[in-house]
Amino acid sequence: MVERSYYAPKGGLPPQTQLLSDRAVFTEAYAVIPKGVLRDIVASYLPFWEETRLWVLSRPLSGFAETFSQYIMEVGPGGGSDRPEQQAGVEGVLFLVEGELTLTLEGATHVMRPGGYAFIPPDSNWSVRNHGAEPVRFHWIRKAYEYVDGLGVPEGFVTNENDIEPTPMPDTDGRWATTRFVDPADLRHDMHVTVVTFQPGGVIPFDEMHVMEHGLYVLEGKGVYHLNQDWVEVEAGDYMWLRAFCPQACYAGGPGPFRYLLYKDVNRHMTLGRPGG
């Protein structure tokens, strides 16, 4: 088994001697939230979560994310929630980066460790608890599920990326690969959350422009992204939001793999408004 590394924020506050300038960028096409931004004073809290704080990486907002929200959750010893999701019709993905989390999903108990992945269907009965002595940190991606007449809702499941063989992209000699947690042909799913891995020197060799909105959290390594008209350096702990059709390409900087957790919305018609409505 390959030994994986996952970056997790710890909060804190920089010293008063630190320079103010950083790599944070917010534009109409993309945003970069560097790891140094995730400090104590920007943490949030949620109802019915004990011993828990979180950092909101994206949320539906005019000129920002439209289809999803993404949090980094930090659950202290003994913490968790028996009422984690407050909104009806919302699906979720949990991806664990640090610690050990006990997830109960529809009566079945799962112990999740780093690399652990859980898909939670809309309106599921679920809860989470940290029974350990150290904090647990995980990503929680939420999306309002888009129901389709004639298609059922996908079942919930729990797995770990270390148990899944990555799929190499064609004609890349394995330098670019994607760990997929659901079958791309299963149209019941309206979002994909994957782990993308570039070996040193690996590239996306053209500017992708597509309808999917993206959230990218760098789990490991460093790279350079071409976003819209700009070249942006990113490293483990940084987060990027990419608007639909934002030009995007990258190369891995080495010396180790460049890996990120990727969200995108998929498999649904474009919702159209009525003329004059």
# chains A, B, ... in the order shown; residues from 1 in each chain; ligands from 1

call {"tool": "residues_around", "arguments": {"residues": "range 220-223 of chain A", "least_positions_apart": "3", "cutoff": "10 Å", "atoms": "only C-alpha atoms", "output": "PDB file with C-alpha atoms, in the first residue's frame"}}
result
ATOM      1  CA  ARG A   4      -0.379   8.768   1.557  1.00  0.00           C
ATOM      2  CA  SER A   5       0.050  12.253   2.935  1.00  0.00           C
ATOM      3  CA  TYR A   6      -2.908  14.558   3.602  1.00  0.00           C
ATOM      4  CA  TYR A   7      -2.562  18.190   4.625  1.00  0.00           C
ATOM      5  CA  THR A 197      -2.681  12.626  -8.793  1.00  0.00           C
ATOM      6  CA  PHE A 198       0.115  14.040 -10.936  1.00  0.00           C
ATOM      7  CA  GLN A 199       3.584  12.590 -10.761  1.00  0.00           C
ATOM      8  CA  PRO A 200       6.440  15.131 -10.894  1.00  0.00           C
ATOM      9  CA  GLY A 201       6.437  16.718 -14.323  1.00  0.00           C
ATOM     10  CA  GLY A 202       2.910  15.574 -15.106  1.00  0.00           C
ATOM     11  CA  VAL A 203       0.699  18.128 -16.844  1.00  0.00           C
ATOM     12  CA  TYR A 217      -8.135  21.197  -2.279  1.00  0.00           C
ATOM     13  CA  VAL A 232      -0.838  30.602  -9.841  1.00  0.00           C
ATOM     14  CA  GLU A 233       1.475  28.573  -7.593  1.00  0.00           C
ATOM     15  CA  VAL A 234      -0.309  26.273  -5.145  1.00  0.00           C
ATOM     16  CA  GLU A 235       0.798  23.804  -2.481  1.00  0.00           C
ATOM     17  CA  ALA A 236      -0.620  21.349   0.047  1.00  0.00           C
ATOM     18  CA  GLY A 237      -3.357  23.013   2.078  1.00  0.00           C
ATOM     19  CA  ASP A 238      -4.405  25.509  -0.606  1.00  0.00           C
ATOM     20  CA  CYS A 250      -1.500  22.749 -14.572  1.00  0.00           C
ATOM     21  CA  TYR A 251       1.806  21.017 -14.097  1.00  0.00           C
ATOM     22  CA  ALA A 252       3.197  19.247 -11.044  1.00  0.00           C
ATOM     23  CA  GLY A 253       6.167  20.914  -9.432  1.00  0.00           C
ATOM     24  CA  GLY A 254       7.763  17.934  -7.669  1.00  0.00           C
ATOM     25  CA  PRO A 255       9.793  16.571  -6.018  1.00  0.00           C
ATOM     26  CA  GLY A 256       6.867  14.335  -4.947  1.00  0.00           C
ATOM     27  CA  PRO A 257       3.348  13.786  -6.291  1.00  0.00           C
ATOM     28  CA  PHE A 258       0.903  16.684  -6.651  1.00  0.00           C
ATOM     29  CA  ARG A 259      -2.513  15.501  -5.414  1.00  0.00           C
ATOM     30  CA  TYR A 260      -5.846  17.210  -4.872  1.00  0.00           C
ATOM     31  CA  LEU A 261      -9.426  16.481  -3.870  1.00  0.00           C
TER      32      LEU A 261
END

call {"tool": "residues_around", "arguments": {"residues": "Ser124 in chain A", "least_positions_apart": "6", "cutoff": "12 Å", "atoms": "only C-alpha atoms", "output": "VMD selection string"}}
result
chain A and resid 82 to 92 104 to 108 153 to 157

call {"tool": "closest_residue", "arguments": {"among": "A:Tyr225, A:Phe68, A:Trp140, A:Trp55", "to": "Leu94 in chain A", "atoms": "only C-alpha atoms"}}
result
A:Trp140

call {"tool": "atom_distance", "arguments": {"atom1": "CA of Pro60 in chain A", "atom2": "CA of Asn160 in chain A"}}
result
28.2 Å

call {"tool": "closest_residue", "arguments": {"among": "A:Leu262, A:Val158, A:Met209, A:Ala177", "to": "His139 in chain A", "atoms": "only C-alpha atoms"}}
result
A:Leu262

call {"tool": "atom_distance", "arguments": {"atom1": "CA of Arg274 in chain A", "atom2": "CA of Ser62 in chain A"}}
result
20.3 Å

call {"tool": "residues_around", "arguments": {"residues": "Thr52 in chain A", "least_positions_apart": "3", "cutoff": "8 Å", "atoms": "only C-alpha atoms", "output": "number ranges by chain"}}
result
A: 45-46, 49, 73-76, 79-80

call {"tool": "closest_residue", "arguments": {"among": "A:Thr178, A:Ser58, A:Asn130, A:Thr159", "to": "Leu242 in chain A", "atoms": "only C-alpha atoms"}}
result
A:Ser58

call {"tool": "closest_residue", "arguments": {"among": "A:Tyr263, A:Arg243, A:Gly99, A:Glu66", "to": "Ala8 in chain A", "atoms": "only C-alpha atoms"}}
result
A:Gly99

call {"tool": "atom_distance", "arguments": {"atom1": "CA of Pro135 in chain A", "atom2": "CA of Lys10 in chain A"}}
result
9.8 Å

call {"tool": "select_by_dssp", "arguments": {"residues": "range 32-256 of chain A", "states": "helix (DSSP H, G or I)", "output": "list in words"}}
result
Lys35, Gly36, Val37, Asp40, Ile41, Val42, Glu161, Asn162 and Asp163 of chain A

call {"tool": "write_last_selection", "arguments": {"atoms": "N, CA, C and O atoms", "output": "compact mmCIF listing (two decimals), in the first residue's frame"}}
result
# COMPACT_ATOMS: atom_id res chain seq x y z
N LYS A 35 -3.40 28.12 2.33
CA LYS A 35 -3.51 27.44 3.62
C LYS A 35 -3.31 28.39 4.79
O LYS A 35 -3.89 28.21 5.86
N GLY A 36 -2.51 29.45 4.59
CA GLY A 36 -2.25 30.40 5.66
C GLY A 36 -3.46 31.22 6.06
O GLY A 36 -3.44 31.90 7.09
N VAL A 37 -4.52 31.19 5.25
CA VAL A 37 -5.74 31.93 5.56
C VAL A 37 -6.58 31.19 6.62
O VAL A 37 -7.37 31.81 7.34
N ASP A 40 -7.58 30.68 13.30
CA ASP A 40 -8.63 30.60 14.31
C ASP A 40 -9.73 31.64 14.08
O ASP A 40 -10.92 31.34 14.24
N ILE A 41 -9.36 32.86 13.71
CA ILE A 41 -10.34 33.94 13.67
C ILE A 41 -11.29 33.84 12.49
O ILE A 41 -12.27 34.59 12.42
N VAL A 42 -11.03 32.94 11.54
CA VAL A 42 -11.96 32.77 10.42
C VAL A 42 -12.71 31.44 10.51
O VAL A 42 -13.40 31.06 9.56
N GLU A 161 -9.64 5.60 -0.25
CA GLU A 161 -8.92 5.75 -1.53
C GLU A 161 -7.76 4.77 -1.64
O GLU A 161 -7.36 4.39 -2.74
N ASN A 162 -7.21 4.35 -0.51
CA ASN A 162 -6.09 3.42 -0.54
C ASN A 162 -6.50 2.02 -1.00
O ASN A 162 -5.64 1.19 -1.29
N ASP A 163 -7.80 1.77 -1.05
CA ASP A 163 -8.30 0.48 -1.52
C ASP A 163 -8.75 0.53 -2.98
O ASP A 163 -9.32 -0.45 -3.48

call {"tool": "closest_atom_pairs", "arguments": {"of": "range 130-185 of chain A", "to": "range 266-270 of chain A", "cutoff": "10 Å", "atoms": "only C-alpha atoms", "output": "tab-separated table"}}
result
residue	atom	partner	partner_atom	distance
A:Glu146	CA	A:Arg268	CA	7.7
A:Tyr147	CA	A:Arg268	CA	9.4
A:Val148	CA	A:Arg268	CA	8.6
A:Pro184	CA	A:Asn267	CA	9.0
A:Ala185	CA	A:Asn267	CA	9.2

call {"tool": "select_by_dssp", "arguments": {"residues": "range 21-263 of chain A", "states": "strand (DSSP E)", "output": "VMD selection string"}}
result
chain A and resid 25 to 26 30 to 33 50 to 58 69 to 81 90 to 98 101 to 105 108 to 112 116 to 120 126 to 129 136 to 144 157 to 160 167 to 168 176 to 179 191 to 198 203 to 208 214 to 220 222 to 227 230 to 235 239 to 242 248 to 252 258 to 263

call {"tool": "closest_residue", "arguments": {"among": "A:Arg137, A:Leu103, A:Ala144, A:Leu216", "to": "Asn125 in chain A", "atoms": "only C-alpha atoms"}}
result
A:Leu103

call {"tool": "closest_residue", "arguments": {"among": "A:Asp230, A:Leu187, A:Asp265, A:Arg39", "to": "Gly12 in chain A", "atoms": "only C-alpha atoms"}}
result
A:Arg39

call {"tool": "decode", "arguments": {"residues": "range 43-182 of chain A", "atoms": "C-alpha atoms", "output": "PDB file, in the first residue's frame"}}
result
ATOM      1  CA  ALA A  43     -13.330  29.484  11.819  1.00  0.00           C
ATOM      2  CA  SER A  44     -17.102  28.926  11.966  1.00  0.00           C
ATOM      3  CA  TYR A  45     -19.458  26.846  14.129  1.00  0.00           C
ATOM      4  CA  LEU A  46     -22.647  24.886  13.424  1.00  0.00           C
ATOM      5  CA  PRO A  47     -25.784  24.048  15.437  1.00  0.00           C
ATOM      6  CA  PHE A  48     -25.929  20.544  16.937  1.00  0.00           C
ATOM      7  CA  TRP A  49     -22.191  19.915  16.528  1.00  0.00           C
ATOM      8  CA  GLU A  50     -20.240  19.445  19.773  1.00  0.00           C
ATOM      9  CA  GLU A  51     -16.515  20.214  20.191  1.00  0.00           C
ATOM     10  CA  THR A  52     -16.404  21.201  16.521  1.00  0.00           C
ATOM     11  CA  ARG A  53     -15.281  24.104  14.396  1.00  0.00           C
ATOM     12  CA  LEU A  54     -14.930  24.393  10.625  1.00  0.00           C
ATOM     13  CA  TRP A  55     -13.495  26.456   7.821  1.00  0.00           C
ATOM     14  CA  VAL A  56     -15.871  27.265   4.961  1.00  0.00           C
ATOM     15  CA  LEU A  57     -13.997  26.991   1.679  1.00  0.00           C
ATOM     16  CA  SER A  58     -16.931  27.674  -0.644  1.00  0.00           C
ATOM     17  CA  ARG A  59     -20.636  28.448  -0.459  1.00  0.00           C
ATOM     18  CA  PRO A  60     -23.372  29.420  -2.926  1.00  0.00           C
ATOM     19  CA  LEU A  61     -22.931  33.145  -3.410  1.00  0.00           C
ATOM     20  CA  SER A  62     -23.452  35.620  -6.223  1.00  0.00           C
ATOM     21  CA  GLY A  63     -20.210  35.639  -8.200  1.00  0.00           C
ATOM     22  CA  PHE A  64     -18.858  32.593  -6.373  1.00  0.00           C
ATOM     23  CA  ALA A  65     -19.802  28.908  -6.001  1.00  0.00           C
ATOM     24  CA  GLU A  66     -23.219  28.052  -7.425  1.00  0.00           C
ATOM     25  CA  THR A  67     -23.703  24.305  -7.023  1.00  0.00           C
ATOM     26  CA  PHE A  68     -22.044  23.270  -3.749  1.00  0.00           C
ATOM     27  CA  SER A  69     -20.495  24.123  -0.398  1.00  0.00           C
ATOM     28  CA  GLN A  70     -17.267  22.717   1.031  1.00  0.00           C
ATOM     29  CA  TYR A  71     -16.083  22.706   4.628  1.00  0.00           C
ATOM     30  CA  ILE A  72     -13.003  21.486   6.464  1.00  0.00           C
ATOM     31  CA  MET A  73     -14.359  20.100   9.730  1.00  0.00           C
ATOM     32  CA  GLU A  74     -12.294  19.835  12.927  1.00  0.00           C
ATOM     33  CA  VAL A  75     -13.915  17.631  15.564  1.00  0.00           C
ATOM     34  CA  GLY A  76     -12.293  17.410  18.978  1.00  0.00           C
ATOM     35  CA  PRO A  77     -12.204  14.325  21.241  1.00  0.00           C
ATOM     36  CA  GLY A  78     -15.731  13.314  22.197  1.00  0.00           C
ATOM     37  CA  GLY A  79     -17.199  15.696  19.633  1.00  0.00           C
ATOM     38  CA  GLY A  80     -19.490  15.120  16.700  1.00  0.00           C
ATOM     39  CA  SER A  81     -23.158  15.415  15.834  1.00  0.00           C
ATOM     40  CA  ASP A  82     -26.344  13.372  15.904  1.00  0.00           C
ATOM     41  CA  ARG A  83     -28.035  15.992  13.671  1.00  0.00           C
ATOM     42  CA  PRO A  84     -25.299  16.933  11.191  1.00  0.00           C
ATOM     43  CA  GLU A  85     -27.376  18.008   8.162  1.00  0.00           C
ATOM     44  CA  GLN A  86     -30.159  20.552   8.670  1.00  0.00           C
ATOM     45  CA  GLN A  87     -31.363  20.958   5.067  1.00  0.00           C
ATOM     46  CA  ALA A  88     -33.691  18.531   3.288  1.00  0.00           C
ATOM     47  CA  GLY A  89     -32.677  17.076  -0.064  1.00  0.00           C
ATOM     48  CA  VAL A  90     -28.938  17.595   0.430  1.00  0.00           C
ATOM     49  CA  GLU A  91     -26.372  14.907  -0.366  1.00  0.00           C
ATOM     50  CA  GLY A  92     -22.847  14.862   1.008  1.00  0.00           C
ATOM     51  CA  VAL A  93     -19.352  13.471   0.719  1.00  0.00           C
ATOM     52  CA  LEU A  94     -16.962  13.122   3.640  1.00  0.00           C
ATOM     53  CA  PHE A  95     -13.209  12.733   3.002  1.00  0.00           C
ATOM     54  CA  LEU A  96     -11.024  12.147   6.037  1.00  0.00           C
ATOM     55  CA  VAL A  97      -7.543  13.692   6.177  1.00  0.00           C
ATOM     56  CA  GLU A  98      -6.551  13.275   9.840  1.00  0.00           C
ATOM     57  CA  GLY A  99      -7.613  11.177  12.829  1.00  0.00           C
ATOM     58  CA  GLU A 100     -10.272   8.499  13.189  1.00  0.00           C
ATOM     59  CA  LEU A 101     -13.997   9.200  12.754  1.00  0.00           C
ATOM     60  CA  THR A 102     -16.923   6.931  13.552  1.00  0.00           C
ATOM     61  CA  LEU A 103     -19.723   7.375  11.021  1.00  0.00           C
ATOM     62  CA  THR A 104     -23.127   5.798  11.533  1.00  0.00           C
ATOM     63  CA  LEU A 105     -25.079   5.742   8.271  1.00  0.00           C
ATOM     64  CA  GLU A 106     -28.576   4.231   8.198  1.00  0.00           C
ATOM     65  CA  GLY A 107     -27.783   2.159  11.291  1.00  0.00           C
ATOM     66  CA  ALA A 108     -24.435   0.773  10.039  1.00  0.00           C
ATOM     67  CA  THR A 109     -21.262   1.877  11.851  1.00  0.00           C
ATOM     68  CA  HIS A 110     -18.055   2.644   9.941  1.00  0.00           C
ATOM     69  CA  VAL A 111     -14.680   3.664  11.350  1.00  0.00           C
ATOM     70  CA  MET A 112     -13.063   6.065   8.894  1.00  0.00           C
ATOM     71  CA  ARG A 113      -9.314   6.711   8.757  1.00  0.00           C
ATOM     72  CA  PRO A 114      -7.207   9.036   6.561  1.00  0.00           C
ATOM     73  CA  GLY A 115      -8.199   8.537   2.936  1.00  0.00           C
ATOM     74  CA  GLY A 116     -11.667   7.447   4.027  1.00  0.00           C
ATOM     75  CA  TYR A 117     -14.550   8.448   1.747  1.00  0.00           C
ATOM     76  CA  ALA A 118     -18.278   8.346   2.455  1.00  0.00           C
ATOM     77  CA  PHE A 119     -21.159   9.185   0.118  1.00  0.00           C
ATOM     78  CA  ILE A 120     -24.274  10.240   2.016  1.00  0.00           C
ATOM     79  CA  PRO A 121     -27.511  10.290  -0.026  1.00  0.00           C
ATOM     80  CA  PRO A 122     -30.033  13.084   0.494  1.00  0.00           C
ATOM     81  CA  ASP A 123     -32.253  12.811   3.602  1.00  0.00           C
ATOM     82  CA  SER A 124     -30.136  10.019   5.095  1.00  0.00           C
ATOM     83  CA  ASN A 125     -30.098   9.159   8.786  1.00  0.00           C
ATOM     84  CA  TRP A 126     -26.479   9.642   9.823  1.00  0.00           C
ATOM     85  CA  SER A 127     -24.233  10.828  12.631  1.00  0.00           C
ATOM     86  CA  VAL A 128     -20.511  11.192  13.354  1.00  0.00           C
ATOM     87  CA  ARG A 129     -18.434  10.975  16.521  1.00  0.00           C
ATOM     88  CA  ASN A 130     -14.767  11.266  17.471  1.00  0.00           C
ATOM     89  CA  HIS A 131     -14.078   8.559  20.035  1.00  0.00           C
ATOM     90  CA  GLY A 132     -10.319   9.141  19.964  1.00  0.00           C
ATOM     91  CA  ALA A 133      -7.975  11.318  21.971  1.00  0.00           C
ATOM     92  CA  GLU A 134      -6.889  13.562  19.061  1.00  0.00           C
ATOM     93  CA  PRO A 135      -8.836  15.911  16.766  1.00  0.00           C
ATOM     94  CA  VAL A 136     -10.360  14.572  13.571  1.00  0.00           C
ATOM     95  CA  ARG A 137     -10.235  16.656  10.391  1.00  0.00           C
ATOM     96  CA  PHE A 138     -12.235  15.950   7.261  1.00  0.00           C
ATOM     97  CA  HIS A 139     -13.761  17.595   4.218  1.00  0.00           C
ATOM     98  CA  TRP A 140     -17.529  17.802   3.983  1.00  0.00           C
ATOM     99  CA  ILE A 141     -18.873  18.603   0.516  1.00  0.00           C
ATOM    100  CA  ARG A 142     -22.619  19.320   0.275  1.00  0.00           C
ATOM    101  CA  LYS A 143     -24.893  19.648  -2.749  1.00  0.00           C
ATOM    102  CA  ALA A 144     -28.655  19.954  -3.230  1.00  0.00           C
ATOM    103  CA  TYR A 145     -29.428  16.693  -5.015  1.00  0.00           C
ATOM    104  CA  GLU A 146     -31.013  17.096  -8.452  1.00  0.00           C
ATOM    105  CA  TYR A 147     -33.724  14.440  -8.713  1.00  0.00           C
ATOM    106  CA  VAL A 148     -34.587  13.030 -12.152  1.00  0.00           C
ATOM    107  CA  ASP A 149     -37.883  11.280 -12.879  1.00  0.00           C
ATOM    108  CA  GLY A 150     -37.093   7.657 -13.704  1.00  0.00           C
ATOM    109  CA  LEU A 151     -33.691   7.631 -11.997  1.00  0.00           C
ATOM    110  CA  GLY A 152     -33.363   6.414  -8.441  1.00  0.00           C
ATOM    111  CA  VAL A 153     -31.183   7.984  -5.766  1.00  0.00           C
ATOM    112  CA  PRO A 154     -27.743   6.344  -5.416  1.00  0.00           C
ATOM    113  CA  GLU A 155     -27.051   4.284  -2.308  1.00  0.00           C
ATOM    114  CA  GLY A 156     -24.750   5.456   0.435  1.00  0.00           C
ATOM    115  CA  PHE A 157     -21.371   3.778   0.875  1.00  0.00           C
ATOM    116  CA  VAL A 158     -18.056   4.069   2.703  1.00  0.00           C
ATOM    117  CA  THR A 159     -14.637   3.215   1.271  1.00  0.00           C
ATOM    118  CA  ASN A 160     -11.011   4.384   1.335  1.00  0.00           C
ATOM    119  CA  GLU A 161      -8.923   5.748  -1.527  1.00  0.00           C
ATOM    120  CA  ASN A 162      -6.085   3.418  -0.539  1.00  0.00           C
ATOM    121  CA  ASP A 163      -8.301   0.477  -1.523  1.00  0.00           C
ATOM    122  CA  ILE A 164      -8.994   1.830  -5.025  1.00  0.00           C
ATOM    123  CA  GLU A 165      -6.637   1.597  -7.977  1.00  0.00           C
ATOM    124  CA  PRO A 166      -6.259   4.997  -9.681  1.00  0.00           C
ATOM    125  CA  THR A 167      -7.282   5.202 -13.344  1.00  0.00           C
ATOM    126  CA  PRO A 168      -4.483   6.612 -15.551  1.00  0.00           C
ATOM    127  CA  MET A 169      -5.489   9.219 -18.094  1.00  0.00           C
ATOM    128  CA  PRO A 170      -4.908   8.030 -21.669  1.00  0.00           C
ATOM    129  CA  ASP A 171      -1.536   8.752 -23.283  1.00  0.00           C
ATOM    130  CA  THR A 172       0.076  10.061 -20.073  1.00  0.00           C
ATOM    131  CA  ASP A 173       2.293   7.062 -19.144  1.00  0.00           C
ATOM    132  CA  GLY A 174       0.656   7.124 -15.707  1.00  0.00           C
ATOM    133  CA  ARG A 175       1.821  10.648 -14.867  1.00  0.00           C
ATOM    134  CA  TRP A 176      -1.818  11.786 -14.490  1.00  0.00           C
ATOM    135  CA  ALA A 177      -4.343   9.529 -12.796  1.00  0.00           C
ATOM    136  CA  THR A 178      -7.737   9.818 -11.088  1.00  0.00           C
ATOM    137  CA  THR A 179      -9.059   7.854  -8.136  1.00  0.00           C
ATOM    138  CA  ARG A 180     -12.800   7.501  -8.786  1.00  0.00           C
ATOM    139  CA  PHE A 181     -15.214   6.562  -6.018  1.00  0.00           C
ATOM    140  CA  VAL A 182     -18.312   6.142  -8.217  1.00  0.00           C
TER     141      VAL A 182
END
